[in-house]
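Asks: Pasting a structure here, questions to come.
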Amino acid sequence: MFSIDRAAYRVRQLRRSLLPRVTRAERDDTRLVLGPQLFPLFASMQPADQRHCLDVHARLVAGGCTNGEMLQAALIHDAGKSSIAGARFGMHHRIVYVVLQGFPGLLDGLARRNRGIRSLHQHDQRTIELAREYGASDGVVRLLLAIDGHTSDERAAALMAADDQS
């Protein structure tokens, strides 16, 4: 459903993705939160996705979250869009994907025919696979599964809310 607030949010999101900035200090802090096993998932993401994950993480911290698994999940929840995941897409794919999210049947059909759209469309599942492969805790994997709609978890609801607002 179209709303002015949602459209304004998407415009802000596009602007941030065109000029993403991740500082060295943010990368260093992320390395500490994720550790050597999971940091490669963050490091392989495009700067726009890194910035988004950092914003989700910051929103959780600002809300008082101290749960390590939630904070790790926030920093890697888009790893399925990364080079490690084999994803390849451009800004035009991102725009089409966002526009078509309100039309699931059309999006599914396009994802079958277009690699860039497919990379975005399947990124949640690919993130879960990568998290397991790179040794994420069961709690982090459960949070990522909940984001993908496979389970319910109160912590995941907070993570999804921070994701939707970032």
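Ordered as shown in the structure tokens, chains take letters A, B, and onward, while each chain numbers its residues from 1 and ligands are numbered from 1 in the order shown.
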Just the residues within 8 Å of segment 69-84 of chain A, please, counting only C-alpha atoms, with nothing from its chain fewer than 2 positions along; format it as a PDB file with N, CA and C atoms, in the first residue's frame.
Replies:
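Dumped to around.pdb:
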```pdb
ATOM      1  N   THR A  30      32.672  -2.657  14.310  1.00  0.00           N
ATOM      2  CA  THR A  30      31.952  -3.796  13.737  1.00  0.00           C
ATOM      3  C   THR A  30      32.783  -5.067  13.844  1.00  0.00           C
ATOM      4  N   VAL A  33      32.370  -6.403  17.326  1.00  0.00           N
ATOM      5  CA  VAL A  33      31.059  -7.014  17.577  1.00  0.00           C
ATOM      6  C   VAL A  33      30.947  -8.370  16.884  1.00  0.00           C
ATOM      7  N   LEU A  34      31.425  -8.443  15.661  1.00  0.00           N
ATOM      8  CA  LEU A  34      31.254  -9.667  14.863  1.00  0.00           C
ATOM      9  C   LEU A  34      32.345 -10.707  15.101  1.00  0.00           C
ATOM     10  N   LEU A  38      32.674 -13.746  11.670  1.00  0.00           N
ATOM     11  CA  LEU A  38      31.544 -13.135  10.969  1.00  0.00           C
ATOM     12  C   LEU A  38      31.897 -11.829  10.258  1.00  0.00           C
ATOM     13  N   LEU A  41      31.598 -11.363   6.435  1.00  0.00           N
ATOM     14  CA  LEU A  41      30.258 -11.184   5.855  1.00  0.00           C
ATOM     15  C   LEU A  41      29.934  -9.699   5.737  1.00  0.00           C
ATOM     16  N   PHE A  42      30.250  -8.946   6.768  1.00  0.00           N
ATOM     17  CA  PHE A  42      30.023  -7.499   6.728  1.00  0.00           C
ATOM     18  C   PHE A  42      30.956  -6.850   5.702  1.00  0.00           C
ATOM     19  N   SER A  44      32.283  -7.880   3.046  1.00  0.00           N
ATOM     20  CA  SER A  44      32.050  -8.165   1.634  1.00  0.00           C
ATOM     21  C   SER A  44      30.823  -7.454   1.064  1.00  0.00           C
ATOM     22  N   MET A  45      30.043  -6.809   1.935  1.00  0.00           N
ATOM     23  CA  MET A  45      28.850  -6.103   1.462  1.00  0.00           C
ATOM     24  C   MET A  45      29.231  -4.800   0.765  1.00  0.00           C
ATOM     25  N   GLN A  46      28.377  -4.352  -0.132  1.00  0.00           N
ATOM     26  CA  GLN A  46      28.556  -3.052  -0.762  1.00  0.00           C
ATOM     27  C   GLN A  46      28.437  -1.967   0.312  1.00  0.00           C
ATOM     28  N   ASP A  49      24.982  -1.241   1.700  1.00  0.00           N
ATOM     29  CA  ASP A  49      24.434  -2.249   2.605  1.00  0.00           C
ATOM     30  C   ASP A  49      25.146  -2.219   3.956  1.00  0.00           C
ATOM     31  N   GLN A  50      26.456  -1.955   3.942  1.00  0.00           N
ATOM     32  CA  GLN A  50      27.169  -1.783   5.207  1.00  0.00           C
ATOM     33  C   GLN A  50      26.571  -0.620   5.997  1.00  0.00           C
ATOM     34  N   CYS A  53      23.222  -1.608   7.485  1.00  0.00           N
ATOM     35  CA  CYS A  53      23.370  -2.505   8.633  1.00  0.00           C
ATOM     36  C   CYS A  53      23.898  -1.753   9.854  1.00  0.00           C
ATOM     37  N   LEU A  54      24.825  -0.826   9.638  1.00  0.00           N
ATOM     38  CA  LEU A  54      25.322   0.000  10.745  1.00  0.00           C
ATOM     39  C   LEU A  54      24.208   0.865  11.332  1.00  0.00           C
ATOM     40  N   VAL A  56      20.973   0.139  11.333  1.00  0.00           N
ATOM     41  CA  VAL A  56      20.089  -0.753  12.090  1.00  0.00           C
ATOM     42  C   VAL A  56      20.722  -1.042  13.455  1.00  0.00           C
ATOM     43  N   HIS A  57      22.001  -1.356  13.453  1.00  0.00           N
ATOM     44  CA  HIS A  57      22.744  -1.615  14.691  1.00  0.00           C
ATOM     45  C   HIS A  57      22.668  -0.406  15.623  1.00  0.00           C
ATOM     46  N   LEU A  60      19.291  -0.017  17.261  1.00  0.00           N
ATOM     47  CA  LEU A  60      19.104  -0.956  18.364  1.00  0.00           C
ATOM     48  C   LEU A  60      19.847  -0.502  19.613  1.00  0.00           C
ATOM     49  N   VAL A  61      21.094  -0.092  19.438  1.00  0.00           N
ATOM     50  CA  VAL A  61      21.900   0.377  20.574  1.00  0.00           C
ATOM     51  C   VAL A  61      21.248   1.599  21.214  1.00  0.00           C
ATOM     52  N   CYS A  65      19.447  -1.771  23.403  1.00  0.00           N
ATOM     53  CA  CYS A  65      19.774  -3.177  23.156  1.00  0.00           C
ATOM     54  C   CYS A  65      21.234  -3.459  23.512  1.00  0.00           C
ATOM     55  N   THR A  66      21.431  -4.508  24.284  1.00  0.00           N
ATOM     56  CA  THR A  66      22.781  -4.962  24.609  1.00  0.00           C
ATOM     57  C   THR A  66      22.970  -6.431  24.254  1.00  0.00           C
ATOM     58  N   ASN A  67      21.957  -7.038  23.640  1.00  0.00           N
ATOM     59  CA  ASN A  67      22.007  -8.449  23.291  1.00  0.00           C
ATOM     60  C   ASN A  67      22.966  -8.657  22.123  1.00  0.00           C
ATOM     61  N   GLY A  86      27.780 -14.217  -3.829  1.00  0.00           N
ATOM     62  CA  GLY A  86      27.682 -14.342  -5.280  1.00  0.00           C
ATOM     63  C   GLY A  86      26.669 -13.399  -5.894  1.00  0.00           C
ATOM     64  N   ALA A  87      26.207 -12.442  -5.102  1.00  0.00           N
ATOM     65  CA  ALA A  87      25.201 -11.492  -5.601  1.00  0.00           C
ATOM     66  C   ALA A  87      25.855 -10.489  -6.553  1.00  0.00           C
ATOM     67  N   ARG A  88      25.123 -10.206  -7.607  1.00  0.00           N
ATOM     68  CA  ARG A  88      25.575  -9.181  -8.561  1.00  0.00           C
ATOM     69  C   ARG A  88      24.352  -8.393  -8.996  1.00  0.00           C
ATOM     70  N   SER A 119      19.162 -11.931  -7.010  1.00  0.00           N
ATOM     71  CA  SER A 119      20.106 -11.745  -5.904  1.00  0.00           C
ATOM     72  C   SER A 119      19.450 -11.004  -4.741  1.00  0.00           C
ATOM     73  N   LEU A 120      18.710  -9.972  -5.059  1.00  0.00           N
ATOM     74  CA  LEU A 120      18.031  -9.197  -4.019  1.00  0.00           C
ATOM     75  C   LEU A 120      16.865  -9.974  -3.414  1.00  0.00           C
ATOM     76  N   GLN A 122      16.407 -13.145  -3.117  1.00  0.00           N
ATOM     77  CA  GLN A 122      16.794 -14.321  -2.343  1.00  0.00           C
ATOM     78  C   GLN A 122      17.814 -14.003  -1.249  1.00  0.00           C
ATOM     79  N   HIS A 123      18.054 -12.731  -1.003  1.00  0.00           N
ATOM     80  CA  HIS A 123      19.153 -12.400  -0.089  1.00  0.00           C
ATOM     81  C   HIS A 123      18.902 -12.854   1.346  1.00  0.00           C
ATOM     82  N   ASP A 124      17.659 -12.890   1.813  1.00  0.00           N
ATOM     83  CA  ASP A 124      17.406 -13.339   3.186  1.00  0.00           C
ATOM     84  C   ASP A 124      17.844 -14.793   3.371  1.00  0.00           C
ATOM     85  N   GLN A 125      17.444 -15.643   2.450  1.00  0.00           N
ATOM     86  CA  GLN A 125      17.804 -17.057   2.548  1.00  0.00           C
ATOM     87  C   GLN A 125      19.310 -17.243   2.416  1.00  0.00           C
ATOM     88  N   ARG A 126      19.913 -16.508   1.516  1.00  0.00           N
ATOM     89  CA  ARG A 126      21.364 -16.619   1.327  1.00  0.00           C
ATOM     90  C   ARG A 126      22.102 -16.121   2.571  1.00  0.00           C
ATOM     91  N   THR A 127      21.576 -15.098   3.229  1.00  0.00           N
ATOM     92  CA  THR A 127      22.180 -14.604   4.464  1.00  0.00           C
ATOM     93  C   THR A 127      22.184 -15.700   5.528  1.00  0.00           C
ATOM     94  N   ILE A 128      21.091 -16.409   5.645  1.00  0.00           N
ATOM     95  CA  ILE A 128      20.989 -17.487   6.627  1.00  0.00           C
ATOM     96  C   ILE A 128      22.019 -18.572   6.329  1.00  0.00           C
ATOM     97  N   LEU A 130      24.847 -18.264   4.710  1.00  0.00           N
ATOM     98  CA  LEU A 130      26.181 -17.747   4.993  1.00  0.00           C
ATOM     99  C   LEU A 130      26.453 -17.660   6.490  1.00  0.00           C
ATOM    100  N   SER A 137      26.241 -18.057  15.784  1.00  0.00           N
ATOM    101  CA  SER A 137      25.588 -18.833  16.838  1.00  0.00           C
ATOM    102  C   SER A 137      24.183 -19.230  16.401  1.00  0.00           C
ATOM    103  N   GLY A 139      21.559 -18.652  18.001  1.00  0.00           N
ATOM    104  CA  GLY A 139      20.684 -17.511  18.276  1.00  0.00           C
ATOM    105  C   GLY A 139      20.663 -16.512  17.139  1.00  0.00           C
ATOM    106  N   VAL A 140      21.820 -16.234  16.557  1.00  0.00           N
ATOM    107  CA  VAL A 140      21.887 -15.309  15.413  1.00  0.00           C
ATOM    108  C   VAL A 140      21.140 -15.916  14.235  1.00  0.00           C
ATOM    109  N   VAL A 141      21.354 -17.190  13.981  1.00  0.00           N
ATOM    110  CA  VAL A 141      20.663 -17.854  12.862  1.00  0.00           C
ATOM    111  C   VAL A 141      19.152 -17.828  13.090  1.00  0.00           C
ATOM    112  N   LEU A 143      17.436 -15.593  14.701  1.00  0.00           N
ATOM    113  CA  LEU A 143      16.983 -14.225  14.424  1.00  0.00           C
ATOM    114  C   LEU A 143      16.868 -13.991  12.925  1.00  0.00           C
ATOM    115  N   LEU A 144      17.846 -14.447  12.177  1.00  0.00           N
ATOM    116  CA  LEU A 144      17.809 -14.277  10.722  1.00  0.00           C
ATOM    117  C   LEU A 144      16.664 -15.085  10.109  1.00  0.00           C
ATOM    118  N   ARG A 155      12.737 -10.810  19.845  1.00  0.00           N
ATOM    119  CA  ARG A 155      13.945 -10.050  19.507  1.00  0.00           C
ATOM    120  C   ARG A 155      13.976  -9.737  18.018  1.00  0.00           C
ATOM    121  N   ALA A 156      13.508 -10.691  17.208  1.00  0.00           N
ATOM    122  CA  ALA A 156      13.477 -10.461  15.765  1.00  0.00           C
ATOM    123  C   ALA A 156      12.525  -9.327  15.412  1.00  0.00           C
ATOM    124  N   LEU A 159      14.377  -6.239  15.884  1.00  0.00           N
ATOM    125  CA  LEU A 159      15.358  -6.123  14.793  1.00  0.00           C
ATOM    126  C   LEU A 159      14.680  -5.691  13.496  1.00  0.00           C
ATOM    127  N   ASP A 163      15.188  -2.330  11.299  1.00  0.00           N
ATOM    128  CA  ASP A 163      15.489  -2.448   9.867  1.00  0.00           C
ATOM    129  C   ASP A 163      14.525  -1.592   9.054  1.00  0.00           C
TER     130      ASP A 163
END
```
Asks: DSSP on the backbone, then: every residue of segment 4-147 of chain A marked alpha helix (DSSP H), written as a count of residues only.
Replies: 108
Asks: Quick one: residues within 10 Å of Ile117 of chain A, only C-alpha atoms, excluding same-chain residues fewer than 4 positions away - as a ChimeraX atom specification?
Replies: /A:87-90,92-98,107-113,121-123
Asks: Atoms to include: N, CA and C atoms. Write the selected residues as a PDB file, in the first residue's frame.
Replies:
```
ATOM      1  N   ALA A  87      26.207 -12.442  -5.102  1.00  0.00           N
ATOM      2  CA  ALA A  87      25.201 -11.492  -5.601  1.00  0.00           C
ATOM      3  C   ALA A  87      25.855 -10.489  -6.553  1.00  0.00           C
ATOM      4  N   ARG A  88      25.123 -10.206  -7.607  1.00  0.00           N
ATOM      5  CA  ARG A  88      25.575  -9.181  -8.561  1.00  0.00           C
ATOM      6  C   ARG A  88      24.352  -8.393  -8.996  1.00  0.00           C
ATOM      7  N   PHE A  89      24.390  -7.105  -8.684  1.00  0.00           N
ATOM      8  CA  PHE A  89      23.277  -6.240  -9.042  1.00  0.00           C
ATOM      9  C   PHE A  89      23.754  -4.796  -9.000  1.00  0.00           C
ATOM     10  N   GLY A  90      22.991  -3.948  -9.652  1.00  0.00           N
ATOM     11  CA  GLY A  90      23.303  -2.524  -9.675  1.00  0.00           C
ATOM     12  C   GLY A  90      22.203  -1.706  -9.038  1.00  0.00           C
ATOM     13  N   HIS A  92      20.055   0.122 -10.446  1.00  0.00           N
ATOM     14  CA  HIS A  92      18.773  -0.027 -11.144  1.00  0.00           C
ATOM     15  C   HIS A  92      18.012  -1.267 -10.654  1.00  0.00           C
ATOM     16  N   HIS A  93      18.752  -2.333 -10.311  1.00  0.00           N
ATOM     17  CA  HIS A  93      18.096  -3.515  -9.751  1.00  0.00           C
ATOM     18  C   HIS A  93      17.470  -3.196  -8.395  1.00  0.00           C
ATOM     19  N   ARG A  94      18.194  -2.433  -7.572  1.00  0.00           N
ATOM     20  CA  ARG A  94      17.669  -2.048  -6.251  1.00  0.00           C
ATOM     21  C   ARG A  94      16.361  -1.263  -6.405  1.00  0.00           C
ATOM     22  N   ILE A  95      16.357  -0.328  -7.333  1.00  0.00           N
ATOM     23  CA  ILE A  95      15.174   0.516  -7.521  1.00  0.00           C
ATOM     24  C   ILE A  95      13.988  -0.327  -7.986  1.00  0.00           C
ATOM     25  N   VAL A  96      14.208  -1.174  -8.978  1.00  0.00           N
ATOM     26  CA  VAL A  96      13.135  -2.035  -9.476  1.00  0.00           C
ATOM     27  C   VAL A  96      12.637  -2.953  -8.365  1.00  0.00           C
ATOM     28  N   TYR A  97      13.552  -3.513  -7.608  1.00  0.00           N
ATOM     29  CA  TYR A  97      13.176  -4.430  -6.525  1.00  0.00           C
ATOM     30  C   TYR A  97      12.289  -3.725  -5.497  1.00  0.00           C
ATOM     31  N   VAL A  98      12.681  -2.533  -5.087  1.00  0.00           N
ATOM     32  CA  VAL A  98      11.896  -1.782  -4.093  1.00  0.00           C
ATOM     33  C   VAL A  98      10.512  -1.442  -4.644  1.00  0.00           C
ATOM     34  N   LEU A 107       7.215  -9.599  -8.952  1.00  0.00           N
ATOM     35  CA  LEU A 107       8.594  -9.676  -8.460  1.00  0.00           C
ATOM     36  C   LEU A 107       9.131 -11.100  -8.560  1.00  0.00           C
ATOM     37  N   ASP A 108       8.322 -12.072  -8.189  1.00  0.00           N
ATOM     38  CA  ASP A 108       8.744 -13.477  -8.300  1.00  0.00           C
ATOM     39  C   ASP A 108       9.078 -13.835  -9.745  1.00  0.00           C
ATOM     40  N   GLY A 109       8.218 -13.421 -10.663  1.00  0.00           N
ATOM     41  CA  GLY A 109       8.453 -13.721 -12.075  1.00  0.00           C
ATOM     42  C   GLY A 109       9.713 -13.067 -12.602  1.00  0.00           C
ATOM     43  N   LEU A 110       9.921 -11.822 -12.259  1.00  0.00           N
ATOM     44  CA  LEU A 110      11.120 -11.113 -12.709  1.00  0.00           C
ATOM     45  C   LEU A 110      12.376 -11.720 -12.090  1.00  0.00           C
ATOM     46  N   ALA A 111      12.287 -12.137 -10.822  1.00  0.00           N
ATOM     47  CA  ALA A 111      13.440 -12.744 -10.151  1.00  0.00           C
ATOM     48  C   ALA A 111      13.863 -14.044 -10.842  1.00  0.00           C
ATOM     49  N   ARG A 112      12.925 -14.744 -11.430  1.00  0.00           N
ATOM     50  CA  ARG A 112      13.276 -15.977 -12.149  1.00  0.00           C
ATOM     51  C   ARG A 112      14.058 -15.683 -13.425  1.00  0.00           C
ATOM     52  N   ARG A 113      13.865 -14.496 -13.991  1.00  0.00           N
ATOM     53  CA  ARG A 113      14.483 -14.169 -15.279  1.00  0.00           C
ATOM     54  C   ARG A 113      15.668 -13.210 -15.189  1.00  0.00           C
ATOM     55  N   HIS A 121      16.119 -10.642  -4.265  1.00  0.00           N
ATOM     56  CA  HIS A 121      14.923 -11.360  -3.838  1.00  0.00           C
ATOM     57  C   HIS A 121      15.262 -12.537  -2.914  1.00  0.00           C
ATOM     58  N   GLN A 122      16.407 -13.145  -3.117  1.00  0.00           N
ATOM     59  CA  GLN A 122      16.794 -14.321  -2.343  1.00  0.00           C
ATOM     60  C   GLN A 122      17.814 -14.003  -1.249  1.00  0.00           C
ATOM     61  N   HIS A 123      18.054 -12.731  -1.003  1.00  0.00           N
ATOM     62  CA  HIS A 123      19.153 -12.400  -0.089  1.00  0.00           C
ATOM     63  C   HIS A 123      18.902 -12.854   1.346  1.00  0.00           C
TER      64      HIS A 123
END
```
Asks: Between A:His52, A:Ala131, A:Arg118, A:Gln101, single out the one closest to Phe39 of chain A, counting only C-alpha atoms.
Replies: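 So, comparing all the options, the nearest one is A:Ala131.
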Asks: Determine the nearest neighbour of Gly135 of chain A from the options A:Arg59, A:Asp28, A:Gln37, A:Arg21, counting only C-alpha atoms.
Replies: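 Nearest to Gly135 of chain A: A:Gln37.
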Asks: What is the distance between atom CA of Leu19 of chain A and atom CA of Leu100 of chain A, in Å to one decimal?
Replies: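 Here the two named atoms are 23.1 Å from each other.
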Asks: When distances are computed from only C-alpha atoms, which of A:Ala146, A:Ala157, A:Ala58, A:Leu106 shows the smallest separation from Asp29 of chain A?
Replies: A:Ala58
Asks: Taking only C-alpha atoms into account, name the residue in A:Val99, A:Gly35, A:Met91, A:Gly63 that is nearest to Arg15 of chain A.
Replies: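 Of A:Val99, A:Gly35, A:Met91, A:Gly63, the one nearest Arg15 of chain A is A:Met91, counting only C-alpha atoms.
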